[in-house]
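Data file: input21.txt. Format and content: compact mmCIF, N, CA, C and O atoms.
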```txt
# COMPACT_ATOMS: atom_id res chain seq x y z
N MET A 1469 20.80 5.27 -36.51
CA MET A 1469 19.68 5.43 -35.59
C MET A 1469 19.38 6.91 -35.41
O MET A 1469 20.29 7.73 -35.31
N VAL A 1470 18.09 7.24 -35.37
CA VAL A 1470 17.66 8.60 -35.12
C VAL A 1470 16.59 8.58 -34.04
O VAL A 1470 15.97 7.54 -33.77
N ARG A 1471 16.39 9.73 -33.42
CA ARG A 1471 15.38 9.89 -32.37
C ARG A 1471 14.65 11.19 -32.62
O ARG A 1471 15.28 12.23 -32.81
N LYS A 1472 13.31 11.12 -32.60
CA LYS A 1472 12.49 12.32 -32.76
C LYS A 1472 11.35 12.29 -31.76
O LYS A 1472 10.75 11.24 -31.51
N ARG A 1473 11.09 13.46 -31.19
CA ARG A 1473 9.96 13.63 -30.27
C ARG A 1473 8.95 14.49 -31.00
O ARG A 1473 9.30 15.51 -31.58
N VAL A 1474 7.68 14.08 -30.97
CA VAL A 1474 6.64 14.84 -31.65
C VAL A 1474 5.55 15.23 -30.65
O VAL A 1474 5.28 14.51 -29.70
N ILE A 1475 4.97 16.40 -30.90
CA ILE A 1475 3.79 16.87 -30.17
C ILE A 1475 2.70 17.04 -31.22
O ILE A 1475 2.87 17.80 -32.17
N VAL A 1476 1.60 16.32 -31.03
CA VAL A 1476 0.51 16.32 -31.99
C VAL A 1476 -0.67 17.07 -31.36
O VAL A 1476 -1.10 16.73 -30.25
N SER A 1477 -1.19 18.07 -32.07
CA SER A 1477 -2.32 18.87 -31.57
C SER A 1477 -3.53 18.68 -32.48
O SER A 1477 -3.39 18.43 -33.67
N GLY A 1478 -4.69 18.83 -31.89
CA GLY A 1478 -5.95 18.71 -32.62
C GLY A 1478 -6.88 17.79 -31.85
O GLY A 1478 -6.82 17.72 -30.63
N THR A 1479 -7.73 17.08 -32.57
CA THR A 1479 -8.60 16.08 -31.95
C THR A 1479 -7.82 14.77 -31.98
O THR A 1479 -7.91 14.00 -32.94
N VAL A 1480 -7.01 14.58 -30.93
CA VAL A 1480 -6.09 13.45 -30.91
C VAL A 1480 -6.21 12.60 -29.64
O VAL A 1480 -5.53 11.59 -29.52
N GLN A 1481 -7.07 13.00 -28.72
CA GLN A 1481 -7.35 12.17 -27.55
C GLN A 1481 -8.76 11.63 -27.67
O GLN A 1481 -9.66 12.31 -28.17
N GLY A 1482 -8.94 10.38 -27.24
CA GLY A 1482 -10.26 9.74 -27.33
C GLY A 1482 -10.55 9.20 -28.72
O GLY A 1482 -11.71 8.89 -29.03
N VAL A 1483 -9.52 9.08 -29.58
CA VAL A 1483 -9.71 8.59 -30.95
C VAL A 1483 -8.76 7.41 -31.24
O VAL A 1483 -8.50 7.11 -32.39
N PHE A 1484 -8.28 6.75 -30.19
CA PHE A 1484 -7.36 5.61 -30.30
C PHE A 1484 -6.02 5.99 -30.91
O PHE A 1484 -5.35 5.16 -31.53
N PHE A 1485 -5.60 7.23 -30.73
CA PHE A 1485 -4.31 7.68 -31.27
C PHE A 1485 -3.17 6.88 -30.68
O PHE A 1485 -2.32 6.37 -31.40
N ARG A 1486 -3.15 6.77 -29.34
CA ARG A 1486 -2.02 6.10 -28.69
C ARG A 1486 -1.92 4.63 -29.07
O ARG A 1486 -0.85 4.13 -29.40
N ASP A 1487 -3.02 3.93 -29.03
CA ASP A 1487 -3.00 2.50 -29.34
C ASP A 1487 -2.63 2.26 -30.80
O ASP A 1487 -1.84 1.37 -31.11
N THR A 1488 -3.19 3.06 -31.69
CA THR A 1488 -2.85 2.92 -33.11
C THR A 1488 -1.39 3.28 -33.35
O THR A 1488 -0.70 2.62 -34.15
N CYS A 1489 -0.89 4.29 -32.68
CA CYS A 1489 0.51 4.69 -32.79
C CYS A 1489 1.42 3.54 -32.37
O CYS A 1489 2.41 3.25 -33.04
N ARG A 1490 1.06 2.90 -31.27
CA ARG A 1490 1.86 1.76 -30.79
C ARG A 1490 1.91 0.67 -31.85
O ARG A 1490 2.98 0.14 -32.16
N GLY A 1491 0.78 0.33 -32.44
CA GLY A 1491 0.75 -0.70 -33.47
C GLY A 1491 1.56 -0.32 -34.70
O GLY A 1491 2.30 -1.15 -35.25
N GLU A 1492 1.48 0.94 -35.11
CA GLU A 1492 2.25 1.42 -36.26
C GLU A 1492 3.75 1.36 -35.95
O GLU A 1492 4.55 0.95 -36.79
N ALA A 1493 4.13 1.79 -34.75
CA ALA A 1493 5.54 1.77 -34.37
C ALA A 1493 6.09 0.35 -34.36
O ALA A 1493 7.18 0.10 -34.88
N LEU A 1494 5.35 -0.58 -33.80
CA LEU A 1494 5.81 -1.96 -33.76
C LEU A 1494 5.91 -2.53 -35.18
O LEU A 1494 6.86 -3.25 -35.49
N ALA A 1495 4.98 -2.18 -36.04
CA ALA A 1495 5.02 -2.65 -37.43
C ALA A 1495 6.24 -2.11 -38.18
O ALA A 1495 6.77 -2.78 -39.07
N HIS A 1496 6.68 -0.91 -37.80
CA HIS A 1496 7.85 -0.29 -38.46
C HIS A 1496 9.16 -0.60 -37.73
O HIS A 1496 10.22 -0.14 -38.15
N GLY A 1497 9.11 -1.31 -36.62
CA GLY A 1497 10.33 -1.62 -35.87
C GLY A 1497 10.89 -0.43 -35.13
O GLY A 1497 12.09 -0.35 -34.88
N VAL A 1498 10.00 0.51 -34.74
CA VAL A 1498 10.41 1.73 -34.03
C VAL A 1498 10.19 1.55 -32.54
O VAL A 1498 9.15 1.05 -32.11
N SER A 1499 11.17 1.95 -31.75
CA SER A 1499 11.05 1.93 -30.29
C SER A 1499 10.62 3.29 -29.79
O SER A 1499 10.74 4.29 -30.49
N GLY A 1500 10.15 3.33 -28.52
CA GLY A 1500 9.80 4.60 -27.90
C GLY A 1500 8.53 4.51 -27.08
O GLY A 1500 8.22 3.47 -26.50
N TRP A 1501 7.79 5.60 -27.09
CA TRP A 1501 6.58 5.68 -26.27
C TRP A 1501 5.64 6.75 -26.82
O TRP A 1501 6.05 7.59 -27.62
N VAL A 1502 4.40 6.72 -26.32
CA VAL A 1502 3.39 7.72 -26.67
C VAL A 1502 2.54 7.97 -25.42
O VAL A 1502 2.33 7.05 -24.62
N ARG A 1503 2.09 9.21 -25.23
CA ARG A 1503 1.24 9.52 -24.08
C ARG A 1503 0.38 10.74 -24.39
O ARG A 1503 0.72 11.58 -25.22
N ASN A 1504 -0.78 10.80 -23.70
CA ASN A 1504 -1.61 11.99 -23.75
C ASN A 1504 -0.98 13.05 -22.86
O ASN A 1504 -0.36 12.72 -21.83
N LEU A 1505 -1.13 14.30 -23.21
CA LEU A 1505 -0.70 15.41 -22.37
C LEU A 1505 -1.94 16.06 -21.75
O LEU A 1505 -3.03 16.02 -22.35
N PRO A 1506 -1.81 16.66 -20.58
CA PRO A 1506 -2.97 17.24 -19.89
C PRO A 1506 -3.75 18.26 -20.71
O PRO A 1506 -4.96 18.37 -20.57
N GLY A 1507 -3.11 19.00 -21.61
CA GLY A 1507 -3.79 20.03 -22.38
C GLY A 1507 -4.56 19.53 -23.58
O GLY A 1507 -5.17 20.31 -24.31
N GLY A 1508 -4.54 18.21 -23.85
CA GLY A 1508 -5.27 17.67 -24.98
C GLY A 1508 -4.41 17.22 -26.15
O GLY A 1508 -4.92 16.65 -27.11
N ASP A 1509 -3.09 17.48 -26.08
CA ASP A 1509 -2.18 17.05 -27.14
C ASP A 1509 -1.71 15.63 -26.86
O ASP A 1509 -1.95 15.06 -25.79
N VAL A 1510 -1.00 15.06 -27.82
CA VAL A 1510 -0.35 13.76 -27.65
C VAL A 1510 1.14 13.97 -27.91
O VAL A 1510 1.53 14.70 -28.82
N GLU A 1511 1.98 13.35 -27.09
CA GLU A 1511 3.43 13.41 -27.24
C GLU A 1511 3.94 12.01 -27.51
O GLU A 1511 3.47 11.04 -26.90
N ALA A 1512 4.90 11.89 -28.43
CA ALA A 1512 5.48 10.58 -28.73
C ALA A 1512 6.98 10.73 -28.97
O ALA A 1512 7.45 11.78 -29.40
N LEU A 1513 7.70 9.68 -28.66
CA LEU A 1513 9.13 9.60 -28.91
C LEU A 1513 9.36 8.39 -29.82
O LEU A 1513 8.93 7.28 -29.50
N PHE A 1514 9.99 8.64 -30.96
CA PHE A 1514 10.28 7.58 -31.93
C PHE A 1514 11.78 7.43 -32.06
O PHE A 1514 12.48 8.42 -32.27
N GLU A 1515 12.28 6.20 -31.95
CA GLU A 1515 13.71 5.96 -32.13
C GLU A 1515 13.91 4.70 -32.97
O GLU A 1515 13.25 3.68 -32.72
N GLY A 1516 14.79 4.81 -33.96
CA GLY A 1516 15.08 3.64 -34.79
C GLY A 1516 15.74 4.05 -36.08
O GLY A 1516 16.33 5.13 -36.18
N ASP A 1517 15.63 3.19 -37.05
CA ASP A 1517 16.16 3.43 -38.39
C ASP A 1517 15.55 4.72 -38.94
O ASP A 1517 14.38 5.01 -38.72
N GLU A 1518 16.36 5.49 -39.66
CA GLU A 1518 15.93 6.79 -40.17
C GLU A 1518 14.64 6.70 -41.00
O GLU A 1518 13.73 7.50 -40.82
N GLU A 1519 14.55 5.72 -41.88
CA GLU A 1519 13.35 5.56 -42.72
C GLU A 1519 12.12 5.23 -41.89
O GLU A 1519 11.04 5.73 -42.12
N ALA A 1520 12.29 4.34 -40.92
CA ALA A 1520 11.16 3.92 -40.08
C ALA A 1520 10.66 5.08 -39.22
O ALA A 1520 9.45 5.28 -39.07
N VAL A 1521 11.58 5.86 -38.66
CA VAL A 1521 11.18 7.02 -37.85
C VAL A 1521 10.49 8.05 -38.74
O VAL A 1521 9.47 8.64 -38.35
N ALA A 1522 11.01 8.26 -39.93
CA ALA A 1522 10.36 9.19 -40.86
C ALA A 1522 8.95 8.73 -41.18
O ALA A 1522 8.02 9.55 -41.29
N ALA A 1523 8.75 7.42 -41.33
CA ALA A 1523 7.41 6.89 -41.59
C ALA A 1523 6.48 7.18 -40.42
O ALA A 1523 5.30 7.51 -40.62
N MET A 1524 6.99 7.08 -39.20
CA MET A 1524 6.15 7.35 -38.02
C MET A 1524 5.79 8.84 -37.93
O MET A 1524 4.68 9.19 -37.56
N VAL A 1525 6.73 9.71 -38.27
CA VAL A 1525 6.45 11.15 -38.27
C VAL A 1525 5.38 11.44 -39.33
O VAL A 1525 4.43 12.19 -39.07
N ARG A 1526 5.49 10.83 -40.50
CA ARG A 1526 4.46 11.01 -41.53
C ARG A 1526 3.10 10.51 -41.04
O ARG A 1526 2.08 11.16 -41.22
N TRP A 1527 3.09 9.35 -40.38
CA TRP A 1527 1.84 8.80 -39.86
C TRP A 1527 1.23 9.77 -38.83
O TRP A 1527 0.01 9.99 -38.84
N ALA A 1528 2.05 10.34 -37.97
CA ALA A 1528 1.56 11.24 -36.92
C ALA A 1528 0.91 12.50 -37.49
O ALA A 1528 0.10 13.13 -36.83
N ARG A 1529 1.24 12.87 -38.71
CA ARG A 1529 0.63 14.04 -39.33
C ARG A 1529 -0.86 13.86 -39.60
O ARG A 1529 -1.59 14.84 -39.76
N THR A 1530 -1.33 12.61 -39.65
CA THR A 1530 -2.76 12.35 -39.84
C THR A 1530 -3.34 11.49 -38.73
O THR A 1530 -4.49 11.64 -38.39
N GLY A 1531 -2.54 10.56 -38.18
CA GLY A 1531 -3.01 9.70 -37.10
C GLY A 1531 -4.05 8.71 -37.58
O GLY A 1531 -4.21 8.47 -38.78
N PRO A 1532 -4.80 8.12 -36.63
CA PRO A 1532 -5.83 7.15 -36.99
C PRO A 1532 -7.02 7.84 -37.67
O PRO A 1532 -7.11 9.08 -37.63
N PRO A 1533 -7.92 7.07 -38.26
CA PRO A 1533 -9.03 7.66 -39.02
C PRO A 1533 -9.88 8.70 -38.27
O PRO A 1533 -10.30 9.68 -38.87
N ALA A 1534 -10.11 8.51 -36.99
CA ALA A 1534 -10.98 9.43 -36.24
C ALA A 1534 -10.26 10.70 -35.78
O ALA A 1534 -10.89 11.63 -35.30
N ALA A 1535 -8.95 10.76 -35.91
CA ALA A 1535 -8.17 11.92 -35.47
C ALA A 1535 -8.28 13.07 -36.47
O ALA A 1535 -8.46 12.85 -37.67
N VAL A 1536 -8.17 14.29 -35.93
CA VAL A 1536 -8.06 15.48 -36.76
C VAL A 1536 -6.81 16.21 -36.27
O VAL A 1536 -6.83 16.87 -35.22
N VAL A 1537 -5.70 16.02 -36.98
CA VAL A 1537 -4.43 16.62 -36.56
C VAL A 1537 -4.38 18.05 -37.10
O VAL A 1537 -4.46 18.28 -38.29
N ARG A 1538 -4.27 18.99 -36.16
CA ARG A 1538 -4.19 20.41 -36.52
C ARG A 1538 -2.74 20.84 -36.73
O ARG A 1538 -2.44 21.63 -37.61
N SER A 1539 -1.84 20.34 -35.90
CA SER A 1539 -0.43 20.69 -36.06
C SER A 1539 0.46 19.59 -35.48
O SER A 1539 0.02 18.80 -34.65
N LEU A 1540 1.70 19.58 -35.95
CA LEU A 1540 2.68 18.61 -35.49
C LEU A 1540 4.00 19.32 -35.30
O LEU A 1540 4.51 19.95 -36.22
N GLU A 1541 4.54 19.24 -34.10
CA GLU A 1541 5.88 19.75 -33.82
C GLU A 1541 6.83 18.56 -33.83
O GLU A 1541 6.53 17.53 -33.25
N VAL A 1542 7.96 18.70 -34.47
CA VAL A 1542 8.97 17.64 -34.51
C VAL A 1542 10.26 18.18 -33.92
O VAL A 1542 10.77 19.20 -34.36
N HIS A 1543 10.76 17.48 -32.89
CA HIS A 1543 12.00 17.88 -32.23
C HIS A 1543 13.01 16.74 -32.38
O HIS A 1543 12.73 15.60 -32.01
N GLU A 1544 14.18 17.05 -32.93
CA GLU A 1544 15.23 16.05 -33.08
C GLU A 1544 16.05 15.97 -31.81
O GLU A 1544 16.26 16.98 -31.13
N ALA A 1545 16.51 14.77 -31.51
CA ALA A 1545 17.35 14.55 -30.33
C ALA A 1545 18.35 13.46 -30.67
O ALA A 1545 18.07 12.61 -31.52
N PRO A 1546 19.50 13.46 -30.01
CA PRO A 1546 20.45 12.39 -30.26
C PRO A 1546 19.91 11.07 -29.72
O PRO A 1546 19.23 11.06 -28.69
N PRO A 1547 20.16 9.96 -30.41
CA PRO A 1547 19.70 8.65 -29.92
C PRO A 1547 20.28 8.36 -28.54
O PRO A 1547 21.40 8.76 -28.23
N ALA A 1548 19.51 7.71 -27.72
CA ALA A 1548 19.95 7.34 -26.38
C ALA A 1548 20.75 6.04 -26.46
O ALA A 1548 20.56 5.24 -27.35
N ALA A 1549 21.63 5.85 -25.50
CA ALA A 1549 22.40 4.61 -25.44
C ALA A 1549 22.28 4.03 -24.04
O ALA A 1549 22.75 4.65 -23.10
N PRO A 1550 21.68 2.92 -23.80
CA PRO A 1550 20.87 2.22 -24.79
C PRO A 1550 19.52 2.91 -24.94
O PRO A 1550 18.99 3.47 -23.98
N GLY A 1551 18.98 2.87 -26.10
CA GLY A 1551 17.68 3.48 -26.36
C GLY A 1551 16.55 2.63 -25.82
O GLY A 1551 16.77 1.54 -25.29
N PRO A 1552 15.33 3.13 -25.95
CA PRO A 1552 14.18 2.35 -25.48
C PRO A 1552 14.06 1.05 -26.28
O PRO A 1552 14.44 0.98 -27.43
N ILE A 1553 13.52 0.04 -25.63
CA ILE A 1553 13.27 -1.24 -26.30
C ILE A 1553 11.76 -1.44 -26.33
O ILE A 1553 11.10 -1.32 -25.30
N GLY A 1554 11.23 -1.70 -27.49
CA GLY A 1554 9.79 -1.85 -27.63
C GLY A 1554 9.12 -0.49 -27.71
O GLY A 1554 9.78 0.55 -27.82
N PHE A 1555 7.82 -0.51 -27.68
CA PHE A 1555 7.05 0.74 -27.76
C PHE A 1555 5.92 0.65 -26.76
O PHE A 1555 5.16 -0.31 -26.76
N GLU A 1556 5.82 1.67 -25.90
CA GLU A 1556 4.80 1.61 -24.84
C GLU A 1556 3.89 2.82 -24.86
O GLU A 1556 4.26 3.90 -25.30
N VAL A 1557 2.68 2.59 -24.36
CA VAL A 1557 1.73 3.67 -24.11
C VAL A 1557 1.94 4.07 -22.66
O VAL A 1557 1.80 3.25 -21.76
N ARG A 1558 2.33 5.32 -22.44
CA ARG A 1558 2.60 5.81 -21.09
C ARG A 1558 1.39 6.57 -20.54
O ARG A 1558 0.59 7.11 -21.32
N PRO A 1559 1.29 6.65 -19.22
CA PRO A 1559 0.20 7.42 -18.63
C PRO A 1559 0.39 8.91 -18.83
O PRO A 1559 1.51 9.39 -19.05
N THR A 1560 -0.70 9.64 -18.75
CA THR A 1560 -0.66 11.09 -18.83
C THR A 1560 0.12 11.64 -17.64
O THR A 1560 -0.13 11.23 -16.50
N PRO A 1561 1.09 12.55 -17.87
CA PRO A 1561 1.82 13.10 -16.72
C PRO A 1561 0.89 13.96 -15.87
O PRO A 1561 -0.04 14.60 -16.38
N ARG A 1562 1.14 13.95 -14.59
CA ARG A 1562 0.34 14.77 -13.67
C ARG A 1562 0.75 16.21 -13.76
O ARG A 1562 1.92 16.53 -13.94
N THR A 1563 -0.22 17.09 -13.62
CA THR A 1563 0.09 18.52 -13.59
C THR A 1563 0.28 18.94 -12.14
O THR A 1563 -0.41 18.45 -11.25
N PRO A 1564 1.22 19.83 -11.88
CA PRO A 1564 1.44 20.27 -10.52
C PRO A 1564 0.23 21.02 -9.98
O PRO A 1564 -0.45 21.71 -10.71
N GLY A 1565 -0.02 20.85 -8.71
CA GLY A 1565 -1.11 21.62 -8.12
C GLY A 1565 -1.94 20.78 -7.33
O GLY A 1565 -2.77 20.75 -6.65
```

Represent the supplied structure as structure tokens.
Amino acid sequence: MVRKRVIVSGTVQGVFFRDTCRGEALAHGVSGWVRNLPGGDVEALFEGDEEAVAAMVRWARTGPPAAVVRSLEVHEAPPAAPGPIGFEVRPTPRTPG
């Protein structure tokens, strides 16, 4: 099992990135979550089989057809015990102020 957190920048909000990501993750058997960030980026956490997580990272480099991915940051993390079950679209975190 591996866990990776990605930050996707570009035209990635308002293009069905999160919903498409959820469908791709479920199709690959990957657990985790995806959410919009206040600055316009998308953040996702992928956990599962090494090949499946690698497929999700590859998918995030382009996203759905309407997305224009400018950059992708990939951060490795140790798998959680127990890790997330299923894949969810999370709300945008609130900014302080």

Excluding Ser1539 of chain A and its own-chain neighbours fewer than 4 positions away, which residues fall within 5 Å of it when counting only N, CA, C and O atoms? Please give them as a PyMOL selection string.
chain A and resi 1475-1477

Close residues, Val1480 of chain A itself excluded, 9 Å, only C-alpha atoms, min 5 positions apart in chain, as a count of residues only
12

Considering all atoms listed in the file, return as a list of chain:residue names whatever protein or nucleic-acid residues lie within 8 Å of Pro1533 of chain A, sequence-local ones (same chain, fewer than 6 positions apart) excluded.
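Using all atoms listed in the file, the neighbours found are A:Thr1479, A:Val1483, A:Phe1484, A:Phe1485.
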
Closest of A:Phe1514, A:Thr1563, A:Val1521, A:Gly1491 to Pro1547 of chain A - atom-to-atom distances counting all atoms listed in the file
A:Phe1514

Those of chain A in DSSP strand (DSSP E), formatted as a PyMOL selection string
chain A and resi 1470-1479+1499-1504+1510-1516+1536-1545+1555-1557

Could you pull out all residues of chain A with a DSSP call of helix (DSSP H, G or I) and give them as a list in words?
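Listing helix (DSSP H, G or I) positions across chain A yields Phe1485, Arg1486, Asp1487, Thr1488, Cys1489, Arg1490, Gly1491, Glu1492, Ala1493, Leu1494, Ala1495, His1496, Glu1518, Glu1519, Ala1520, Val1521, Ala1522, Ala1523, Met1524, Val1525, Arg1526, Trp1527 and Ala1528 of chain A.
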
Skip Val1470 of chain A itself and residues of its chain fewer than 3 positions away, then list as number ranges by chain all residues within 5 Å of it, counting only N, CA, C and O atoms.
A: 1514-1516, 1518, 1545

When you count only C-alpha atoms, which of these residues is closest to Arg1526 of chain A: A:Arg1562, A:Val1474, A:Gly1497, A:Pro1546?
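Between A:Arg1562, A:Val1474, A:Gly1497, A:Pro1546, the residue approaching Arg1526 of chain A most closely is A:Val1474.
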
Env of Val1557 of chain A: 7 Å cut, atoms = only N, CA, C and O atoms, seq-sep filter 5 positions within chain, self excluded. Answer as a PyMOL selection string.
chain A and resi 1486-1487+1490+1500-1503

Atom-to-atom span, atom N of Ala1549 of chain A and atom CA of Ala1495 of chain A, Å
22.1 Å

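As for atom O of Ile1553 of chain A and atom CA of His1496 of chain A, they are spaced 13.6 Å apart.
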
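In this structure, atom N of Cys1489 of chain A sits 12.3 Å away from atom O of Gly1554 of chain A.
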
Which is closer to Pro1559 of chain A than all the others in A:Leu1540, A:Met1469, A:Ala1512, A:Val1525, using only C-alpha atoms?
A:Ala1512

Between A:Arg1538, A:Pro1561, A:Thr1488, A:Lys1472, which one has atoms that come closest to Gly1507 of chain A, using only N, CA, C and O atoms?
A:Pro1561

Using the partial input, fill out segment 1544-1553 of chain A with all heavy atoms; write the result as a CSV table (one decimal), keeping the file's coordinate frame.
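File produced: selection-v5.csv:
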```csv
chain,number,residue,atom,x,y,z
A,1544,GLU,N,14.2,17.0,-32.9
A,1544,GLU,CA,15.2,16.0,-33.1
A,1544,GLU,C,16.0,16.0,-31.8
A,1544,GLU,O,16.3,17.0,-31.1
A,1544,GLU,CB,16.1,16.4,-34.3
A,1544,GLU,CG,15.3,16.4,-35.6
A,1544,GLU,CD,16.2,16.4,-36.8
A,1544,GLU,OE1,17.3,15.8,-36.8
A,1544,GLU,OE2,15.7,16.9,-37.8
A,1545,ALA,N,16.5,14.8,-31.5
A,1545,ALA,CA,17.4,14.6,-30.3
A,1545,ALA,C,18.4,13.5,-30.7
A,1545,ALA,O,18.1,12.6,-31.5
A,1545,ALA,CB,16.5,14.1,-29.1
A,1546,PRO,N,19.5,13.5,-30.0
A,1546,PRO,CA,20.4,12.4,-30.3
A,1546,PRO,C,19.9,11.1,-29.7
A,1546,PRO,O,19.2,11.1,-28.7
A,1546,PRO,CB,21.7,12.8,-29.5
A,1546,PRO,CG,21.2,13.8,-28.5
A,1546,PRO,CD,20.0,14.4,-29.0
A,1547,PRO,N,20.2,10.0,-30.4
A,1547,PRO,CA,19.7,8.6,-29.9
A,1547,PRO,C,20.3,8.4,-28.5
A,1547,PRO,O,21.4,8.8,-28.2
A,1547,PRO,CB,20.2,7.7,-31.0
A,1547,PRO,CG,20.5,8.5,-32.2
A,1547,PRO,CD,20.8,9.9,-31.7
A,1548,ALA,N,19.5,7.7,-27.7
A,1548,ALA,CA,20.0,7.3,-26.4
A,1548,ALA,C,20.8,6.0,-26.5
A,1548,ALA,O,20.6,5.2,-27.4
A,1548,ALA,CB,18.8,7.2,-25.5
A,1549,ALA,N,21.6,5.8,-25.5
A,1549,ALA,CA,22.4,4.6,-25.4
A,1549,ALA,C,22.3,4.0,-24.0
A,1549,ALA,O,22.8,4.6,-23.1
A,1549,ALA,CB,23.9,4.9,-25.8
A,1550,PRO,N,21.7,2.9,-23.8
A,1550,PRO,CA,20.9,2.2,-24.8
A,1550,PRO,C,19.5,2.9,-24.9
A,1550,PRO,O,19.0,3.5,-24.0
A,1550,PRO,CB,20.7,0.8,-24.2
A,1550,PRO,CG,20.7,1.1,-22.7
A,1550,PRO,CD,21.7,2.2,-22.5
A,1551,GLY,N,19.0,2.9,-26.1
A,1551,GLY,CA,17.7,3.5,-26.4
A,1551,GLY,C,16.6,2.6,-25.8
A,1551,GLY,O,16.8,1.5,-25.3
A,1552,PRO,N,15.3,3.1,-26.0
A,1552,PRO,CA,14.2,2.4,-25.5
A,1552,PRO,C,14.1,1.0,-26.3
A,1552,PRO,O,14.4,1.0,-27.4
A,1552,PRO,CB,13.0,3.3,-25.7
A,1552,PRO,CG,13.5,4.3,-26.7
A,1552,PRO,CD,14.9,4.4,-26.6
A,1553,ILE,N,13.5,0.0,-25.6
A,1553,ILE,CA,13.3,-1.2,-26.3
A,1553,ILE,C,11.8,-1.4,-26.3
A,1553,ILE,O,11.1,-1.3,-25.3
A,1553,ILE,CB,14.0,-2.4,-25.6
A,1553,ILE,CG1,15.5,-2.2,-25.6
A,1553,ILE,CG2,13.6,-3.7,-26.1
A,1553,ILE,CD1,16.3,-3.1,-24.8
```
